[in-house]
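Undergrad: Below is the file work_3.txt, with compact mmCIF, C-alpha atoms.
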# COMPACT_ATOMS: atom_id res chain seq x y z
CA MET P 12 25.51 -43.41 5.40
CA LYS P 13 26.15 -42.30 1.85
CA ILE P 14 23.65 -39.70 0.71
CA ASN P 15 22.36 -40.01 -2.83
CA TRP P 16 22.43 -36.31 -3.59
CA ARG P 17 20.88 -36.59 -7.00
CA LYS P 18 17.95 -38.57 -5.63
CA LEU P 19 17.55 -36.06 -2.78
CA ASN P 20 17.74 -33.19 -5.26
CA ASN P 21 15.03 -34.68 -7.45
CA ILE P 22 12.77 -35.53 -4.51
CA LEU P 23 13.06 -32.00 -3.17
CA HIS P 24 12.40 -30.50 -6.58
CA ARG P 25 9.35 -32.68 -7.10
CA ASP P 26 7.73 -32.28 -3.69
CA VAL P 27 8.52 -28.59 -3.17
CA GLY P 28 7.27 -28.02 -6.72
CA TYR P 29 3.95 -29.76 -6.00
CA PHE P 30 3.52 -27.92 -2.71
CA PHE P 31 3.98 -24.49 -4.22
CA VAL P 32 1.85 -24.85 -7.37
CA GLY P 33 -0.90 -22.72 -5.86
CA MET P 34 1.41 -20.03 -4.52
CA THR P 35 3.25 -19.80 -7.83
CA ILE P 36 0.01 -19.19 -9.68
CA ILE P 37 -1.14 -16.65 -7.06
CA TYR P 38 2.08 -14.66 -7.19
CA SER P 39 2.43 -14.90 -10.96
CA LEU P 40 -1.13 -13.66 -11.62
CA SER P 41 -0.65 -10.88 -9.14
CA GLY P 42 2.78 -10.10 -10.56
CA ILE P 43 1.31 -9.58 -14.02
CA ALA P 44 -1.46 -7.39 -12.58
CA LEU P 45 0.93 -5.25 -10.56
CA ASN P 46 3.46 -5.06 -13.38
CA HIS P 47 0.93 -3.08 -15.39
CA ILE P 48 -0.13 -0.82 -12.54
CA ASP P 49 0.46 2.24 -14.71
CA ASN P 50 -2.15 1.05 -17.21
CA TRP P 51 -4.92 -0.17 -14.98
CA ASP P 52 -6.13 -0.44 -11.40
CA PRO P 53 -5.20 -4.02 -10.48
CA ASN P 54 -7.71 -4.22 -7.63
CA TYR P 55 -10.82 -2.37 -8.75
CA ILE P 56 -12.99 -1.84 -11.82
CA ILE P 57 -13.86 1.84 -11.86
CA LYS P 58 -16.57 3.23 -14.11
CA ASN P 59 -17.53 6.87 -14.52
CA LYS P 60 -20.81 8.10 -15.93
CA SER P 61 -22.03 11.67 -16.42
CA ILE P 62 -25.36 12.38 -14.79
CA ALA P 63 -27.70 15.33 -14.54
CA VAL P 64 -30.66 16.35 -12.41
CA ASP P 65 -32.93 19.40 -12.30
CA LYS P 66 -30.82 21.88 -10.32
CA GLY P 67 -34.01 23.15 -8.71
CA THR P 68 -34.25 19.91 -6.75
CA LEU P 69 -30.80 20.42 -5.24
CA LYS P 70 -30.08 22.56 -2.19
CA ALA P 71 -27.66 22.95 0.67
CA GLN P 72 -28.50 20.83 3.74
CA MET P 73 -30.61 18.14 2.10
CA SER P 74 -32.14 15.60 4.46
CA LYS P 75 -31.55 11.86 4.27
CA ALA P 76 -35.01 11.35 2.77
CA GLU P 77 -34.31 13.96 0.08
CA ILE P 78 -30.99 12.29 -0.75
CA ASP P 79 -32.74 8.89 -0.95
CA ASP P 80 -35.27 10.37 -3.34
CA LEU P 81 -32.54 12.01 -5.45
CA VAL P 82 -30.61 8.76 -5.80
CA LYS P 83 -33.83 6.93 -6.82
CA ARG P 84 -34.57 9.58 -9.47
CA LEU P 85 -31.08 9.05 -10.85
CA GLY P 86 -31.94 5.39 -11.27
CA ILE P 87 -29.18 4.25 -8.94
CA LYS P 88 -29.94 1.02 -7.12
CA LYS P 89 -26.91 1.03 -4.81
CA GLY P 90 -27.52 1.76 -1.13
CA ILE P 91 -26.53 5.10 0.41
CA LYS P 92 -23.89 5.32 3.10
CA ASN P 93 -23.51 9.01 3.75
CA HIS P 94 -23.48 12.41 2.11
CA TYR P 95 -21.75 15.75 2.68
CA TYR P 96 -20.84 19.05 1.03
CA PRO P 97 -17.06 19.33 0.33
CA ASN P 98 -17.79 22.96 -0.52
CA PRO P 99 -21.02 25.01 -0.67
CA ASN P 100 -21.51 24.23 -4.39
CA ILE P 101 -20.81 20.49 -4.39
CA LEU P 102 -22.87 17.62 -3.00
CA LYS P 103 -21.15 14.27 -2.54
CA ILE P 104 -23.21 11.14 -1.91
CA PHE P 105 -21.34 8.00 -0.82
CA LEU P 106 -22.95 4.78 -2.01
CA HIS P 107 -22.14 1.16 -1.27
CA GLY P 108 -19.77 0.69 -4.19
CA GLY P 109 -19.66 4.20 -5.60
CA THR P 110 -19.90 7.96 -5.28
CA VAL P 111 -22.19 10.59 -6.77
CA THR P 112 -20.78 14.10 -7.10
CA LEU P 113 -23.20 16.87 -8.10
CA ASP P 114 -22.74 20.57 -8.84
CA LEU P 115 -25.58 22.40 -7.08
CA ASN P 116 -25.42 25.30 -9.54
CA THR P 117 -25.77 23.27 -12.74
CA GLY P 118 -27.32 19.99 -11.65
CA LYS P 119 -24.60 18.13 -13.55
CA GLY P 120 -22.34 15.56 -12.02
CA LEU P 121 -20.59 12.23 -12.07
CA LEU P 122 -21.45 8.75 -10.90
CA GLU P 123 -18.36 6.68 -10.11
CA THR P 124 -18.82 2.98 -9.36
CA VAL P 125 -16.08 0.91 -7.82
CA THR P 126 -16.13 -2.90 -7.90
CA ARG P 127 -13.44 -5.30 -6.78
CA ARG P 128 -11.77 -7.31 -9.52
CA ARG P 129 -12.56 -10.87 -8.57
CA VAL P 130 -9.50 -13.13 -8.27
CA PHE P 131 -7.07 -10.25 -8.90
CA TYR P 132 -8.13 -8.44 -5.72
CA GLU P 133 -7.58 -11.60 -3.67
CA VAL P 134 -4.20 -12.54 -5.20
CA ASN P 135 -2.96 -8.95 -4.91
CA TYR P 136 -4.04 -8.90 -1.27
CA LEU P 137 -1.78 -11.89 -0.62
CA HIS P 138 1.11 -10.72 -2.80
CA TYR P 139 1.18 -7.29 -1.13
CA ASN P 140 1.26 -9.04 2.23
CA HIS P 141 -1.77 -7.21 3.59
CA ALA P 142 -2.63 -10.26 5.70
CA LYS P 143 0.64 -9.76 7.65
CA SER P 144 1.44 -11.96 10.73
CA LEU P 145 1.80 -15.66 9.84
CA TRP P 146 1.28 -14.99 6.14
CA THR P 147 4.57 -13.06 6.09
CA TRP P 148 6.37 -16.21 7.24
CA PHE P 149 4.61 -18.44 4.74
CA ALA P 150 5.41 -16.01 1.92
CA ASP P 151 9.07 -15.97 2.98
CA ILE P 152 9.08 -19.79 3.01
CA PHE P 153 7.60 -19.69 -0.50
CA ALA P 154 10.37 -17.34 -1.65
CA ALA P 155 12.97 -19.71 -0.20
CA GLY P 156 11.15 -22.57 -1.90
CA LEU P 157 11.40 -20.83 -5.27
CA ILE P 158 15.16 -20.43 -4.82
CA LEU P 159 15.37 -24.11 -3.92
CA LEU P 160 13.33 -25.02 -7.02
CA ALA P 161 15.62 -22.94 -9.20
CA ILE P 162 18.77 -24.53 -7.83
CA THR P 163 17.52 -28.12 -7.73
CA GLY P 164 16.00 -27.69 -11.18
CA MET P 165 19.46 -27.25 -12.65
CA PHE P 166 20.51 -30.71 -11.48
CA VAL P 167 17.43 -32.80 -12.27
CA LEU P 168 18.53 -33.95 -15.72
CA ARG P 169 21.75 -35.47 -16.94
CA GLY P 170 23.29 -36.07 -20.33
CA LYS P 171 22.58 -33.96 -23.42
CA ASN P 172 19.71 -32.08 -21.74
CA GLY P 173 21.57 -31.61 -18.47
CA LEU P 174 23.22 -28.51 -17.00
CA LYS P 175 26.66 -29.18 -18.51
CA ARG P 176 25.37 -29.10 -22.10
CA ARG P 177 21.96 -27.69 -23.09
CA GLY P 178 21.06 -26.37 -19.65
CA VAL P 179 24.00 -24.02 -19.16
CA TRP P 180 22.99 -21.88 -22.15
CA PHE P 181 19.45 -21.37 -20.87
CA VAL P 182 20.78 -20.56 -17.37
CA LEU P 183 23.23 -18.01 -18.77
CA ALA P 184 20.57 -16.42 -20.98
CA GLY P 185 18.19 -16.19 -18.03
CA ILE P 186 20.83 -14.37 -15.99
CA LEU P 187 22.09 -12.16 -18.82
CA ILE P 188 18.70 -10.69 -19.73
CA PRO P 189 18.02 -9.05 -16.33
CA LEU P 190 21.69 -8.00 -16.15
CA VAL P 191 21.39 -6.19 -19.47
CA PHE P 192 18.27 -4.36 -18.26
CA LEU P 193 20.07 -3.40 -15.06
CA ILE P 194 23.05 -2.05 -16.99
CA MET P 195 20.79 -0.16 -19.39
CA TYR P 196 18.37 1.36 -16.91
CA LEU P 197 19.98 1.50 -13.48
CA MET A 12 28.13 -37.12 -9.88
CA LYS A 13 30.92 -35.61 -7.80
CA THR A 14 30.74 -32.36 -9.84
CA TYR A 15 27.02 -32.07 -9.27
CA SER A 16 27.40 -32.68 -5.54
CA ILE A 17 29.98 -29.91 -5.29
CA LEU A 18 27.83 -27.51 -7.35
CA PHE A 19 24.76 -28.35 -5.27
CA LEU A 20 26.66 -27.76 -2.03
CA ILE A 21 28.01 -24.44 -3.32
CA SER A 22 24.48 -23.37 -4.26
CA LEU A 23 23.17 -24.27 -0.80
CA PHE A 24 26.04 -22.38 0.81
CA VAL A 25 25.32 -19.26 -1.27
CA PHE A 26 21.64 -19.47 -0.37
CA SER A 27 22.27 -19.87 3.36
CA SER A 28 24.82 -17.03 3.31
CA CYS A 29 22.17 -14.74 1.81
CA CYS A 30 19.74 -15.58 4.59
CA ASN A 31 22.35 -15.20 7.35
CA ASN A 32 23.51 -11.86 5.98
CA ASN A 33 19.92 -10.58 5.95
CA GLN A 34 19.48 -11.57 9.60
CA LYS A 35 22.76 -9.86 10.52
CA ASP A 36 21.79 -6.68 8.66
CA GLU A 37 18.45 -6.56 10.44
CA ALA A 38 20.05 -7.03 13.85
CA SER A 39 22.83 -4.51 13.34
CA SER A 40 20.60 -1.84 11.77
CA GLY A 41 18.14 -2.13 14.67
CA GLU A 42 15.25 -1.72 12.28
CA HIS A 43 12.84 -4.03 14.07
CA THR A 44 10.15 -1.75 15.41
CA ALA A 45 7.94 -2.86 18.25
CA ALA A 46 4.47 -1.32 18.58
CA VAL A 47 4.49 1.65 20.96
CA VAL A 48 0.81 1.19 21.72
CA SER A 49 -1.60 -1.65 21.19
CA PRO A 50 -5.27 -1.59 20.23
CA SER A 51 -6.23 -2.67 23.75
CA ASP A 52 -4.62 0.39 25.42
CA GLU A 53 -7.06 2.99 26.70
CA ALA A 54 -7.58 5.86 24.27
CA ILE A 55 -8.97 9.35 24.81
CA SER A 56 -12.28 9.69 22.95
CA VAL A 57 -12.26 12.96 21.10
CA ASP A 58 -14.00 14.59 18.17
CA VAL A 59 -11.98 15.73 15.14
CA LYS A 60 -12.92 19.37 15.78
CA GLU A 61 -11.75 19.25 19.41
CA LEU A 62 -8.54 17.49 18.34
CA LEU A 63 -7.64 20.19 15.83
CA ALA A 64 -8.69 22.99 18.16
CA ASN A 65 -6.31 21.79 20.89
CA PRO A 66 -3.55 19.84 19.13
CA GLY A 67 -0.92 20.46 21.82
CA GLU A 68 -3.07 18.70 24.40
CA TYR A 69 -3.24 15.48 22.36
CA ASP A 70 0.21 15.45 20.74
CA GLY A 71 1.77 12.00 21.21
CA LYS A 72 -1.35 10.58 22.89
CA LEU A 73 -3.52 7.63 21.98
CA VAL A 74 -6.88 8.94 20.80
CA ALA A 75 -10.10 7.38 19.56
CA ILE A 76 -11.77 9.55 16.95
CA THR A 77 -15.12 9.01 15.28
CA GLY A 78 -15.73 10.48 11.89
CA MET A 79 -16.64 9.90 8.27
CA VAL A 80 -14.02 8.80 5.77
CA THR A 81 -14.01 11.27 2.89
CA HIS A 82 -10.99 9.96 1.02
CA VAL A 83 -8.75 6.89 0.91
CA CYS A 84 -5.45 7.06 -0.97
CA LYS A 85 -6.26 5.23 -4.22
CA HIS A 86 -2.78 4.01 -4.97
CA SER A 87 -1.52 2.59 -1.71
CA GLY A 88 -4.42 2.73 0.75
CA LYS A 89 -1.91 3.93 3.34
CA ARG A 90 -3.77 7.13 4.18
CA LEU A 91 -7.29 8.42 4.63
CA HIS A 92 -9.01 11.68 5.52
CA LEU A 93 -11.44 11.64 8.42
CA MET A 94 -14.08 14.33 8.74
CA GLY A 95 -15.69 15.36 12.02
CA LYS A 96 -19.40 15.91 12.75
CA ASP A 97 -19.15 19.59 11.84
CA GLU A 98 -18.27 18.62 8.22
CA LYS A 99 -15.43 21.17 8.25
CA SER A 100 -12.73 19.62 10.43
CA LYS A 101 -10.62 16.98 8.74
CA VAL A 102 -7.60 15.06 9.90
CA ARG A 103 -5.19 12.88 7.98
CA VAL A 104 -4.83 9.30 9.22
CA GLU A 105 -1.84 7.17 8.28
CA ALA A 106 -2.44 3.40 8.10
CA GLY A 107 0.60 2.63 10.26
CA GLU A 108 0.11 -0.67 12.04
CA VAL A 109 -3.24 -1.19 10.34
CA GLY A 110 -1.28 -1.74 7.12
CA LYS A 111 -3.80 -0.56 4.57
CA PHE A 112 -7.22 1.05 4.35
CA GLU A 113 -9.66 -0.51 1.93
CA ARG A 114 -11.18 1.73 -0.68
CA GLU A 115 -14.65 0.61 0.42
CA LEU A 116 -14.19 2.67 3.59
CA VAL A 117 -14.90 5.89 1.69
CA GLY A 118 -18.14 7.32 2.99
CA SER A 119 -18.23 5.05 6.05
CA ASP A 120 -18.45 6.13 9.66
CA VAL A 121 -15.43 4.78 11.50
CA VAL A 122 -13.81 4.86 14.91
CA ILE A 123 -10.06 5.13 14.58
CA LYS A 124 -7.67 4.51 17.42
CA GLY A 125 -4.22 5.95 16.94
CA VAL A 126 -1.47 8.24 18.12
CA PHE A 127 -2.01 11.90 17.29
CA HIS A 128 0.98 13.91 16.09
CA LYS A 129 1.55 17.60 15.75
CA GLU A 130 4.47 18.93 13.75
CA VAL A 131 5.45 22.58 13.58
CA ILE A 132 6.97 23.68 10.31
CA ASP A 133 9.00 26.84 10.63
CA GLU A 134 12.28 28.23 9.31
CA GLU A 135 14.28 26.01 11.64
CA TYR A 136 12.46 22.92 10.37
CA LEU A 137 13.06 23.94 6.75
CA ALA A 138 16.73 24.64 7.46
CA LYS A 139 17.23 21.16 8.94
CA TRP A 140 15.35 19.65 6.01
CA ALA A 141 17.56 21.54 3.52
CA GLU A 142 20.67 20.37 5.35
CA LYS A 143 19.46 16.78 5.22
CA LEU A 144 18.69 17.09 1.50
CA GLU A 145 22.15 18.48 0.86
CA GLY A 146 23.64 15.47 2.64
CA GLU A 147 21.43 13.06 0.69
CA GLY A 148 22.38 14.79 -2.56
CA LYS A 149 26.12 14.66 -1.91
CA GLY A 150 25.92 11.02 -0.83
CA GLU A 151 23.84 10.35 -3.96
CA HIS A 152 21.15 8.65 -1.87
CA MET A 153 18.46 10.51 -3.77
CA SER A 154 17.64 10.72 -7.47
CA HIS A 155 17.36 14.07 -9.22
CA GLU A 156 13.58 13.68 -9.47
CA GLU A 157 13.24 12.86 -5.75
CA MET A 158 15.39 15.89 -4.90
CA GLU A 159 13.21 18.14 -7.06
CA GLU A 160 10.07 16.75 -5.44
CA GLU A 161 11.41 17.43 -1.96
CA GLN A 162 12.48 20.93 -2.95
CA GLY A 163 9.03 21.53 -4.43
CA LYS A 164 7.42 20.49 -1.11
CA MET A 165 9.74 22.87 0.76
CA ALA A 166 8.79 25.70 -1.58
CA ARG A 167 5.06 25.04 -1.03
CA TYR A 168 5.51 24.98 2.74
CA ARG A 169 7.45 28.26 2.54
CA GLU A 170 4.62 29.81 0.56
CA MET A 171 2.08 28.63 3.14
CA MET A 172 4.27 29.93 5.95
CA GLY A 173 4.36 33.33 4.27
CA GLU A 174 0.58 33.54 4.61
CA THR A 175 0.57 32.98 8.38
CA PRO A 176 1.17 35.84 10.82
CA ASP A 177 3.91 34.03 12.76
CA GLY A 178 5.54 32.36 9.73
CA LYS A 179 4.74 28.89 11.03
CA ILE A 180 2.38 26.16 9.95
CA GLU A 181 1.28 23.09 11.84
CA ASN A 182 0.92 19.63 10.39
CA TYR A 183 -1.38 17.15 12.12
CA TRP A 184 -1.95 13.48 11.56
CA VAL A 185 -2.88 10.28 13.37
CA ASP A 186 -0.90 7.04 13.13
CA ALA A 187 -3.66 4.42 13.26
CA VAL A 188 -3.34 1.45 15.57
CA SER A 189 -6.79 0.03 14.86
CA PHE A 190 -10.10 1.02 13.33
CA LYS A 191 -13.68 -0.13 13.31
CA ALA A 192 -16.19 0.71 10.60
CA GLU A 193 -19.65 1.37 12.04
CA LYS A 194 -22.71 0.11 10.21
CA LEU A 195 -25.27 2.74 9.35
Re-express the file's structure as structure tokens.
TA:
Amino acid sequence: MKINWRKLNNILHRDVGYFFVGMTIIYSLSGIALNHIDNWDPNYIIKNKSIAVDKGTLKAQMSKAEIDDLVKRLGIKKGIKNHYYPNPNILKIFLHGGTVTLDLNTGKGLLETVTRRRVFYEVNYLHYNHAKSLWTWFADIFAAGLILLAITGMFVLRGKNGLKRRGVWFVLAGILIPLVFLIMYL
Amino acid sequence: MKTYSILFLISLFVFSSCCNNNQKDEASSGEHTAAVVSPSDEAISVDVKELLANPGEYDGKLVAITGMVTHVCKHSGKRLHLMGKDEKSKVRVEAGEVGKFERELVGSDVVIKGVFHKEVIDEEYLAKWAEKLEGEGKGEHMSHEEMEEEQGKMARYREMMGETPDGKIENYWVDAVSFKAEKL
């Protein structure tokens, strides 16, 4: 049986392309987020706010009720998880979604709130392969699919827009750019 | 048409060669690591304070430790610090098979199951480390910055060793196998 390679190529490119639309968007979004990891936290929105209380209300060994009261006086609505003293002069209160750190000597401190970045947290979770097990296999299949898309993509068109004429220049440019960066920086 | 068929076949061949080579490398390097312990194995329940007071007794053993998470590594989530009931004893926990610790664990009470390790750092340890670094440097397996970082670590350990009566320091950590966050 004679195989129509061009037809097979185009079918593969079309169907694999459809199948991996979601994964391509997931990995691309996450790729942009992680690419700028030096400039921002890709997973969390972190806010810091200076706070102050009357130092007379602070002491070593505060009870849970006293901590509850302190957090209310600070106007914080987040629930309390735990608290402890990293050293005799510092009180640390762990909240659901943040931390309060207070200096017992001055009454001054910091409220840090931590919130997940919606969408980015989820796509990063998948891209970093934190799900492990079967996800690892699916991600590998996706990677193989991308290679297949790249190769089959070169042969979809014929004529003036095909690989032999217009296409070859784009392919070469796309290979040269990363090569230049490798030569310059590696 | 013939040209495209040949090019397509060549591309497929290159792709399959890549995959086969990767499989060969994995097999020959023997890097596939099976879990030494599993979460269902029986662990010794122990408090952080007891663990650090008698590290030799628990070295290499599967332990289950309850404590409060005081810190999770912000960048990778691969490490956390677990504090015992006395609020003074703390042990480092590496994510290991768990993969990653979520930042939301900070401040939570958790039960961590993992293998406890004790490492003695003395002159012999530093000498072996220096020898290994020299090898890495000559083989150019390490960048200049990485070499400096390692040498900086060695210098800090040496300083810490100088402050101990026997010139040795001990490093403890737990390689986590599983964990469970308890609700307050």
Undergrad: Set the distance at 8 Å and use only C-alpha atoms: which residues neighbour Val64 of chain P once local chain neighbours fewer than 5 positions away are removed? I'd like the list as a CSV table (one decimal) with C-alpha atoms, in the coordinates of the input.
TA:
chain,number,residue,atom,x,y,z
P,85,LEU,CA,-31.1,9.0,-10.8
P,118,GLY,CA,-27.3,20.0,-11.6
P,119,LYS,CA,-24.6,18.1,-13.6
Undergrad: Just the residues within 7 Å of Lys179 of chain A, please, counting all atoms listed in the file, with nothing from its chain fewer than 4 positions along; format it as an MDAnalysis selection string.
TA: chainID A and resid 131:133 172 175
Undergrad: Fewer than 6 positions away in the same chain doesn't count, so skip those; otherwise give me all residues within 12 Å of Ile62 of chain P, counting all atoms listed in the file, as an MDAnalysis selection string.
TA: chainID P and resid 81:82 84:87 110:114 117:123
Undergrad: May I have the residues of chain P within 9 Å of chain A, counting only C-alpha atoms, written as an mmCIF file with C-alpha atoms, in the coordinates of the input?
TA:
data_model
loop_
_atom_site.group_PDB
_atom_site.id
_atom_site.type_symbol
_atom_site.label_atom_id
_atom_site.label_comp_id
_atom_site.auth_asym_id
_atom_site.auth_seq_id
_atom_site.Cartn_x
_atom_site.Cartn_y
_atom_site.Cartn_z
ATOM 1 C CA TRP P 16 22.430 -36.310 -3.590
ATOM 2 C CA ARG P 17 20.880 -36.590 -7.000
ATOM 3 C CA ASN P 20 17.740 -33.190 -5.260
ATOM 4 C CA ASP P 52 -6.130 -0.440 -11.400
ATOM 5 C CA LYS P 92 -23.890 5.320 3.100
ATOM 6 C CA ASN P 93 -23.510 9.010 3.750
ATOM 7 C CA HIS P 94 -23.480 12.410 2.110
ATOM 8 C CA TYR P 95 -21.750 15.750 2.680
ATOM 9 C CA TYR P 96 -20.840 19.050 1.030
ATOM 10 C CA PRO P 97 -17.060 19.330 0.330
ATOM 11 C CA ILE P 104 -23.210 11.140 -1.910
ATOM 12 C CA PHE P 105 -21.340 8.000 -0.820
ATOM 13 C CA LEU P 106 -22.950 4.780 -2.010
ATOM 14 C CA HIS P 107 -22.140 1.160 -1.270
ATOM 15 C CA GLY P 108 -19.770 0.690 -4.190
ATOM 16 C CA GLY P 109 -19.660 4.200 -5.600
ATOM 17 C CA THR P 110 -19.900 7.960 -5.280
ATOM 18 C CA VAL P 125 -16.080 0.910 -7.820
ATOM 19 C CA HIS P 141 -1.770 -7.210 3.590
ATOM 20 C CA ALA P 142 -2.630 -10.260 5.700
ATOM 21 C CA LYS P 143 0.640 -9.760 7.650
ATOM 22 C CA ALA P 155 12.970 -19.710 -0.200
ATOM 23 C CA ILE P 158 15.160 -20.430 -4.820
ATOM 24 C CA LEU P 159 15.370 -24.110 -3.920
ATOM 25 C CA ILE P 162 18.770 -24.530 -7.830
ATOM 26 C CA THR P 163 17.520 -28.120 -7.730
ATOM 27 C CA PHE P 166 20.510 -30.710 -11.480
#
Undergrad: Between atom CA of Val191 of chain P and atom CA of Met165 of chain P, what is the distance, to one decimal in Å?
TA: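 Atom CA of Val191 of chain P sits 22.2 Å away from atom CA of Met165 of chain P.
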